[in-house]
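What follows is a short report on a single structure.
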Amino acid sequence: MCSVGKLRILLGDDHTLVRHGFRKILEGRPDWQIVAEAGDGREAVRQALALQPDVAVLDIGMPLLNGIEATRQIVRRSTVRVLILSMHADEAYISQALQAGATGYLLKDSADTDLIRGVADVASGKSFFSPAVARVMLDDYVRHLAGRGIVDRYDALSEREREIFQLIAEGHSNKEIADVLSVSPATVETHRAHILQKLDLHNTAELVLYAVRHGVIS
């Protein structure tokens with residue numbers, strides 16, 4: 001969750017004109033502030049760790065250290081939330097970004113319309129994916145199931161498990177989910193384990209991908 005006061009944002013992209021364009025869009029919000037810019041991945045990591053912004057918006061293809069690796073280092077060493085910018089809508093890139101710890105994935109060709117929403121959602125603890133990305137993931141998933149003759153397991157989840165499934169996918173911690181549902185964190189962890197087992201998933205990144213494919217989050 002973002003800090004009290006202005007939302008503090010780091011921009012990382014190796015194209016100066018692109019960064020300036022994004023800065024102009026984001027600073028149209030009076031309660032948002034660009035605290036730093038970075039032209040490569042190593043500088044983005046350095047700025048993120050030094051300044052601790054609420055959100056880092058990082059291009060996936062930065063020099064010296066790509067956006068995926070920069071995300072991994074930032075998330076491992078801070079509480080900064082990361083929104084990835086990319087030209088690529090295929091699932092391999094999206095999966096890598098999520099595995100690295102990003103909570104949003106925005107296509108550059110839709111940044112003019114989706115950047116504000118993407119940053120706002122990521123800052124508030126939610127996940128965000130460009131609509132085109134969500135469609136690609138759903139189409140790929142449907143083809144995958146059809147090709148393997150697999151029946152979707154989502155219907156096997158109980159009502160409470162579906163509630164917890166969505167809250168996990170939105171980025172909430174066990175304690176936050178426990179507070180929302182008035183249960184203990186241990187109960188949430190038990191449900192989490194059952195959900196992963198029923199859906200044949202292995203970690204939160206895979207759960208988020210699954211949630212996007214099903215339209216549970218966008």
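For the structure tokens, the naming scheme is as follows: chains receive sequential letters (A, B, ...) according to their order of presentation, residues are indexed from 1 within each chain, and ligands are indexed from 1 in presentation order.
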Original post:
Could you pull the residues within 10 Å of Ala211 (chain A), counting only C-alpha atoms, minus those fewer than 2 positions along the same chain, as a PyMOL selection string?
Top reply: chain A and resi 134+138+154+165-166+168-170+205-209+213-218
Would you mind exporting the chosen residues as a PDB file, in the first residue's frame, restricted to N, CA, C and O atoms?
ATOM      1  N   ALA A 134      -4.527  -9.815 -20.928  1.00  0.00           N
ATOM      2  CA  ALA A 134      -5.481 -10.733 -20.304  1.00  0.00           C
ATOM      3  C   ALA A 134      -6.145 -11.614 -21.358  1.00  0.00           C
ATOM      4  O   ALA A 134      -6.354 -12.815 -21.140  1.00  0.00           O
ATOM      5  N   LEU A 138      -5.910 -15.714 -21.641  1.00  0.00           N
ATOM      6  CA  LEU A 138      -7.114 -16.547 -21.635  1.00  0.00           C
ATOM      7  C   LEU A 138      -7.147 -17.452 -22.859  1.00  0.00           C
ATOM      8  O   LEU A 138      -7.421 -18.649 -22.762  1.00  0.00           O
ATOM      9  N   TYR A 154     -11.441 -25.057 -11.613  1.00  0.00           N
ATOM     10  CA  TYR A 154     -11.900 -23.919 -10.819  1.00  0.00           C
ATOM     11  C   TYR A 154     -13.219 -24.218 -10.102  1.00  0.00           C
ATOM     12  O   TYR A 154     -13.442 -23.781  -8.978  1.00  0.00           O
ATOM     13  N   PHE A 165      -9.081 -17.056  -2.888  1.00  0.00           N
ATOM     14  CA  PHE A 165      -8.376 -17.085  -4.177  1.00  0.00           C
ATOM     15  C   PHE A 165      -8.262 -15.674  -4.760  1.00  0.00           C
ATOM     16  O   PHE A 165      -7.181 -15.237  -5.167  1.00  0.00           O
ATOM     17  N   GLN A 166      -9.377 -14.941  -4.787  1.00  0.00           N
ATOM     18  CA  GLN A 166      -9.354 -13.586  -5.350  1.00  0.00           C
ATOM     19  C   GLN A 166      -8.494 -12.652  -4.507  1.00  0.00           C
ATOM     20  O   GLN A 166      -7.717 -11.857  -5.042  1.00  0.00           O
ATOM     21  N   ILE A 168      -5.956 -13.366  -2.592  1.00  0.00           N
ATOM     22  CA  ILE A 168      -4.545 -13.686  -2.807  1.00  0.00           C
ATOM     23  C   ILE A 168      -4.086 -13.096  -4.141  1.00  0.00           C
ATOM     24  O   ILE A 168      -3.027 -12.480  -4.232  1.00  0.00           O
ATOM     25  N   ALA A 169      -4.899 -13.301  -5.184  1.00  0.00           N
ATOM     26  CA  ALA A 169      -4.542 -12.816  -6.516  1.00  0.00           C
ATOM     27  C   ALA A 169      -4.421 -11.294  -6.552  1.00  0.00           C
ATOM     28  O   ALA A 169      -3.635 -10.741  -7.343  1.00  0.00           O
ATOM     29  N   GLU A 170      -5.180 -10.613  -5.693  1.00  0.00           N
ATOM     30  CA  GLU A 170      -5.117  -9.148  -5.634  1.00  0.00           C
ATOM     31  C   GLU A 170      -3.914  -8.656  -4.845  1.00  0.00           C
ATOM     32  O   GLU A 170      -3.665  -7.455  -4.773  1.00  0.00           O
ATOM     33  N   ALA A 205       2.606 -16.648  -8.059  1.00  0.00           N
ATOM     34  CA  ALA A 205       2.687 -16.147  -9.431  1.00  0.00           C
ATOM     35  C   ALA A 205       1.786 -16.961 -10.365  1.00  0.00           C
ATOM     36  O   ALA A 205       1.058 -16.399 -11.202  1.00  0.00           O
ATOM     37  N   GLU A 206       1.813 -18.279 -10.225  1.00  0.00           N
ATOM     38  CA  GLU A 206       0.951 -19.119 -11.042  1.00  0.00           C
ATOM     39  C   GLU A 206      -0.518 -18.877 -10.700  1.00  0.00           C
ATOM     40  O   GLU A 206      -1.380 -18.890 -11.583  1.00  0.00           O
ATOM     41  N   LEU A 207      -0.799 -18.625  -9.431  1.00  0.00           N
ATOM     42  CA  LEU A 207      -2.175 -18.336  -9.019  1.00  0.00           C
ATOM     43  C   LEU A 207      -2.678 -17.050  -9.663  1.00  0.00           C
ATOM     44  O   LEU A 207      -3.821 -16.978 -10.126  1.00  0.00           O
ATOM     45  N   VAL A 208      -1.830 -16.030  -9.720  1.00  0.00           N
ATOM     46  CA  VAL A 208      -2.224 -14.760 -10.337  1.00  0.00           C
ATOM     47  C   VAL A 208      -2.503 -14.959 -11.823  1.00  0.00           C
ATOM     48  O   VAL A 208      -3.500 -14.444 -12.361  1.00  0.00           O
ATOM     49  N   LEU A 209      -1.644 -15.690 -12.513  1.00  0.00           N
ATOM     50  CA  LEU A 209      -1.881 -15.992 -13.927  1.00  0.00           C
ATOM     51  C   LEU A 209      -3.228 -16.691 -14.109  1.00  0.00           C
ATOM     52  O   LEU A 209      -4.002 -16.350 -15.006  1.00  0.00           O
ATOM     53  N   ARG A 213      -6.611 -15.348 -16.198  1.00  0.00           N
ATOM     54  CA  ARG A 213      -7.224 -16.173 -17.257  1.00  0.00           C
ATOM     55  C   ARG A 213      -8.722 -16.363 -17.027  1.00  0.00           C
ATOM     56  O   ARG A 213      -9.494 -16.506 -17.970  1.00  0.00           O
ATOM     57  N   HIS A 214      -9.118 -16.394 -15.770  1.00  0.00           N
ATOM     58  CA  HIS A 214     -10.525 -16.610 -15.435  1.00  0.00           C
ATOM     59  C   HIS A 214     -11.308 -15.310 -15.240  1.00  0.00           C
ATOM     60  O   HIS A 214     -12.476 -15.345 -14.897  1.00  0.00           O
ATOM     61  N   GLY A 215     -10.650 -14.186 -15.432  1.00  0.00           N
ATOM     62  CA  GLY A 215     -11.355 -12.915 -15.272  1.00  0.00           C
ATOM     63  C   GLY A 215     -11.646 -12.559 -13.839  1.00  0.00           C
ATOM     64  O   GLY A 215     -12.469 -11.668 -13.568  1.00  0.00           O
ATOM     65  N   VAL A 216     -10.998 -13.260 -12.890  1.00  0.00           N
ATOM     66  CA  VAL A 216     -11.220 -12.952 -11.463  1.00  0.00           C
ATOM     67  C   VAL A 216     -10.601 -11.601 -11.122  1.00  0.00           C
ATOM     68  O   VAL A 216     -11.135 -10.834 -10.324  1.00  0.00           O
ATOM     69  N   ILE A 217      -9.434 -11.327 -11.713  1.00  0.00           N
ATOM     70  CA  ILE A 217      -8.817  -9.998 -11.624  1.00  0.00           C
ATOM     71  C   ILE A 217      -8.479  -9.571 -13.033  1.00  0.00           C
ATOM     72  O   ILE A 217      -8.423 -10.385 -13.950  1.00  0.00           O
ATOM     73  N   SER A 218      -8.237  -8.276 -13.206  1.00  0.00           N
ATOM     74  CA  SER A 218      -7.911  -7.762 -14.543  1.00  0.00           C
ATOM     75  C   SER A 218      -6.661  -6.904 -14.479  1.00  0.00           C
ATOM     76  O   SER A 218      -6.173  -6.611 -13.399  1.00  0.00           O
TER      77      SER A 218
END
**OP:** Would you kindly return, as a PyMOL selection string, each protein, DNA or RNA residue with an atom no farther than 9 Å from any atom of Arg42 (chain A), considering only C-alpha atoms and excluding same-chain residues fewer than 6 positions away?
**Re:** chain A and resi 63-66+70
Original post:
So how many Å separate CA of Arg8 (chain A) and CA of Ala36 (chain A), to one decimal?
Top reply: 9.0 Å
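Counting only C-alpha atoms and comparing A:Glu159, A:Asp54, A:Glu176, A:Glu27, the residue that lies closest to Val122 (chain A) is A:Asp54.
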Subject >> Pick from A:Leu11, A:Val188, A:Val80, A:Ile68, whichever lies nearest to Ala97 (chain A) using only C-alpha atoms >> reply: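 Going through A:Leu11, A:Val188, A:Val80, A:Ile68 one by one, the smallest distance to Ala97 (chain A) is for A:Ile68.
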Original post:
Among region 88-133 of chain A, which residues carry a DSSP assignment of strand (DSSP E), reported as a PyMOL selection string?
Top reply: chain A and resi 104-107+128-129
**OP:** Could you tell me how far CA of Ile84 (chain A) lies from CA of Lys6 (chain A), in Å and to one decimal?
**Re:**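 One can read the CA of Ile84 (chain A) to CA of Lys6 (chain A) distance as 21.2 Å.
CA of Gln47 (chain A) sits 22.3 Å away from CA of Lys108 (chain A).
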Original post:
Would you give me, as a PyMOL selection string, the residues in region 81-196 of chain A that DSSP reads as alpha helix (DSSP H)?
Top reply: chain A and resi 91-100+111-123+131-148+159-169+174-181+185-196
Subject >> Selection: 12 Å around Leu106 (chain A), only C-alpha atoms, excl. self and same-chain fewer than 4 positions, as a VMD selection string >> reply: chain A and resid 57 to 60 82 to 89 93 to 94 97 102 110 to 119 121 to 122 127 to 134 218
Could you write those residues out with N, CA and C atoms, as an mmCIF file, in the first residue's frame?
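out.cif written:
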data_model
loop_
_atom_site.group_PDB
_atom_site.id
_atom_site.type_symbol
_atom_site.label_atom_id
_atom_site.label_comp_id
_atom_site.auth_asym_id
_atom_site.auth_seq_id
_atom_site.Cartn_x
_atom_site.Cartn_y
_atom_site.Cartn_z
ATOM 1 N N VAL A 57 7.914 1.893 -12.194
ATOM 2 C CA VAL A 57 7.425 1.552 -13.530
ATOM 3 C C VAL A 57 8.646 1.260 -14.382
ATOM 4 N N LEU A 58 8.846 -0.010 -14.762
ATOM 5 C CA LEU A 58 10.094 -0.426 -15.391
ATOM 6 C C LEU A 58 9.870 -1.043 -16.760
ATOM 7 N N ASP A 59 10.645 -0.571 -17.749
ATOM 8 C CA ASP A 59 10.651 -1.186 -19.069
ATOM 9 C C ASP A 59 11.295 -2.563 -18.970
ATOM 10 N N ILE A 60 10.757 -3.532 -19.671
ATOM 11 C CA ILE A 60 11.270 -4.898 -19.583
ATOM 12 C C ILE A 60 12.621 -5.048 -20.276
ATOM 13 N N VAL A 82 6.108 -3.144 -8.337
ATOM 14 C CA VAL A 82 6.632 -2.946 -9.689
ATOM 15 C C VAL A 82 5.557 -3.180 -10.747
ATOM 16 N N LEU A 83 5.461 -2.214 -11.672
ATOM 17 C CA LEU A 83 4.633 -2.334 -12.868
ATOM 18 C C LEU A 83 5.575 -2.433 -14.061
ATOM 19 N N ILE A 84 5.509 -3.551 -14.802
ATOM 20 C CA ILE A 84 6.378 -3.775 -15.951
ATOM 21 C C ILE A 84 5.754 -3.170 -17.208
ATOM 22 N N LEU A 85 6.580 -2.498 -18.019
ATOM 23 C CA LEU A 85 6.190 -2.005 -19.336
ATOM 24 C C LEU A 85 6.834 -2.892 -20.388
ATOM 25 N N SER A 86 6.066 -3.277 -21.395
ATOM 26 C CA SER A 86 6.617 -4.202 -22.389
ATOM 27 C C SER A 86 5.925 -4.057 -23.732
ATOM 28 N N MET A 87 6.653 -4.406 -24.793
ATOM 29 C CA MET A 87 6.068 -4.514 -26.123
ATOM 30 C C MET A 87 5.532 -5.923 -26.367
ATOM 31 N N HIS A 88 5.830 -6.851 -25.458
ATOM 32 C CA HIS A 88 5.543 -8.272 -25.673
ATOM 33 C C HIS A 88 4.296 -8.717 -24.912
ATOM 34 N N ALA A 89 3.357 -9.340 -25.623
ATOM 35 C CA ALA A 89 2.119 -9.795 -24.998
ATOM 36 C C ALA A 89 2.066 -11.307 -24.828
ATOM 37 N N TYR A 93 6.862 -13.934 -21.323
ATOM 38 C CA TYR A 93 7.321 -12.696 -20.691
ATOM 39 C C TYR A 93 6.496 -12.373 -19.450
ATOM 40 N N ILE A 94 5.174 -12.543 -19.576
ATOM 41 C CA ILE A 94 4.284 -12.217 -18.454
ATOM 42 C C ILE A 94 4.605 -13.107 -17.249
ATOM 43 N N ALA A 97 7.794 -12.048 -15.552
ATOM 44 C CA ALA A 97 7.601 -10.822 -14.768
ATOM 45 C C ALA A 97 6.938 -11.127 -13.430
ATOM 46 N N ALA A 102 6.747 -8.790 -10.025
ATOM 47 C CA ALA A 102 5.940 -7.677 -10.528
ATOM 48 C C ALA A 102 4.469 -7.939 -10.231
ATOM 49 N N SER A 110 -0.557 0.554 -25.170
ATOM 50 C CA SER A 110 -1.791 0.977 -24.498
ATOM 51 C C SER A 110 -1.495 1.863 -23.292
ATOM 52 N N ALA A 111 -0.229 2.284 -23.168
ATOM 53 C CA ALA A 111 0.172 3.046 -21.982
ATOM 54 C C ALA A 111 -0.553 4.381 -21.867
ATOM 55 N N ASP A 112 -0.851 5.011 -23.001
ATOM 56 C CA ASP A 112 -1.521 6.313 -22.945
ATOM 57 C C ASP A 112 -2.858 6.224 -22.218
ATOM 58 N N THR A 113 -3.564 5.100 -22.399
ATOM 59 C CA THR A 113 -4.886 4.977 -21.788
ATOM 60 C C THR A 113 -4.874 4.186 -20.482
ATOM 61 N N ASP A 114 -3.903 3.287 -20.321
ATOM 62 C CA ASP A 114 -3.923 2.386 -19.169
ATOM 63 C C ASP A 114 -2.890 2.690 -18.089
ATOM 64 N N LEU A 115 -1.957 3.609 -18.350
ATOM 65 C CA LEU A 115 -0.869 3.847 -17.404
ATOM 66 C C LEU A 115 -1.378 4.330 -16.047
ATOM 67 N N ILE A 116 -2.290 5.272 -16.050
ATOM 68 C CA ILE A 116 -2.827 5.804 -14.789
ATOM 69 C C ILE A 116 -3.495 4.694 -13.983
ATOM 70 N N ARG A 117 -4.343 3.929 -14.645
ATOM 71 C CA ARG A 117 -5.036 2.848 -13.933
ATOM 72 C C ARG A 117 -4.054 1.800 -13.446
ATOM 73 N N GLY A 118 -3.068 1.468 -14.286
ATOM 74 C CA GLY A 118 -2.092 0.463 -13.897
ATOM 75 C C GLY A 118 -1.316 0.853 -12.656
ATOM 76 N N VAL A 119 -0.828 2.080 -12.619
ATOM 77 C CA VAL A 119 -0.077 2.555 -11.460
ATOM 78 C C VAL A 119 -0.979 2.609 -10.227
ATOM 79 N N ASP A 121 -3.693 0.837 -9.559
ATOM 80 C CA ASP A 121 -4.013 -0.512 -9.080
ATOM 81 C C ASP A 121 -2.816 -1.141 -8.364
ATOM 82 N N VAL A 122 -1.635 -1.036 -8.955
ATOM 83 C CA VAL A 122 -0.438 -1.619 -8.350
ATOM 84 C C VAL A 122 -0.142 -0.947 -7.009
ATOM 85 N N SER A 127 -3.358 -6.346 -8.647
ATOM 86 C CA SER A 127 -2.622 -6.676 -9.862
ATOM 87 C C SER A 127 -3.248 -5.932 -11.032
ATOM 88 N N PHE A 128 -2.440 -5.674 -12.064
ATOM 89 C CA PHE A 128 -2.981 -5.014 -13.259
ATOM 90 C C PHE A 128 -2.365 -5.625 -14.510
ATOM 91 N N PHE A 129 -3.214 -5.898 -15.502
ATOM 92 C CA PHE A 129 -2.748 -6.379 -16.798
ATOM 93 C C PHE A 129 -3.494 -5.625 -17.886
ATOM 94 N N SER A 130 -2.776 -5.213 -18.944
ATOM 95 C CA SER A 130 -3.439 -4.602 -20.083
ATOM 96 C C SER A 130 -4.521 -5.549 -20.587
ATOM 97 N N PRO A 131 -5.657 -5.025 -21.035
ATOM 98 C CA PRO A 131 -6.725 -5.902 -21.536
ATOM 99 C C PRO A 131 -6.255 -6.879 -22.603
ATOM 100 N N ALA A 132 -5.386 -6.433 -23.492
ATOM 101 C CA ALA A 132 -4.883 -7.318 -24.548
ATOM 102 C C ALA A 132 -4.073 -8.469 -23.957
ATOM 103 N N VAL A 133 -3.338 -8.201 -22.878
ATOM 104 C CA VAL A 133 -2.556 -9.245 -22.214
ATOM 105 C C VAL A 133 -3.482 -10.283 -21.591
ATOM 106 N N ALA A 134 -4.527 -9.815 -20.928
ATOM 107 C CA ALA A 134 -5.481 -10.733 -20.304
ATOM 108 C C ALA A 134 -6.145 -11.614 -21.358
ATOM 109 N N SER A 218 -8.237 -8.276 -13.206
ATOM 110 C CA SER A 218 -7.911 -7.762 -14.543
ATOM 111 C C SER A 218 -6.661 -6.904 -14.479
#
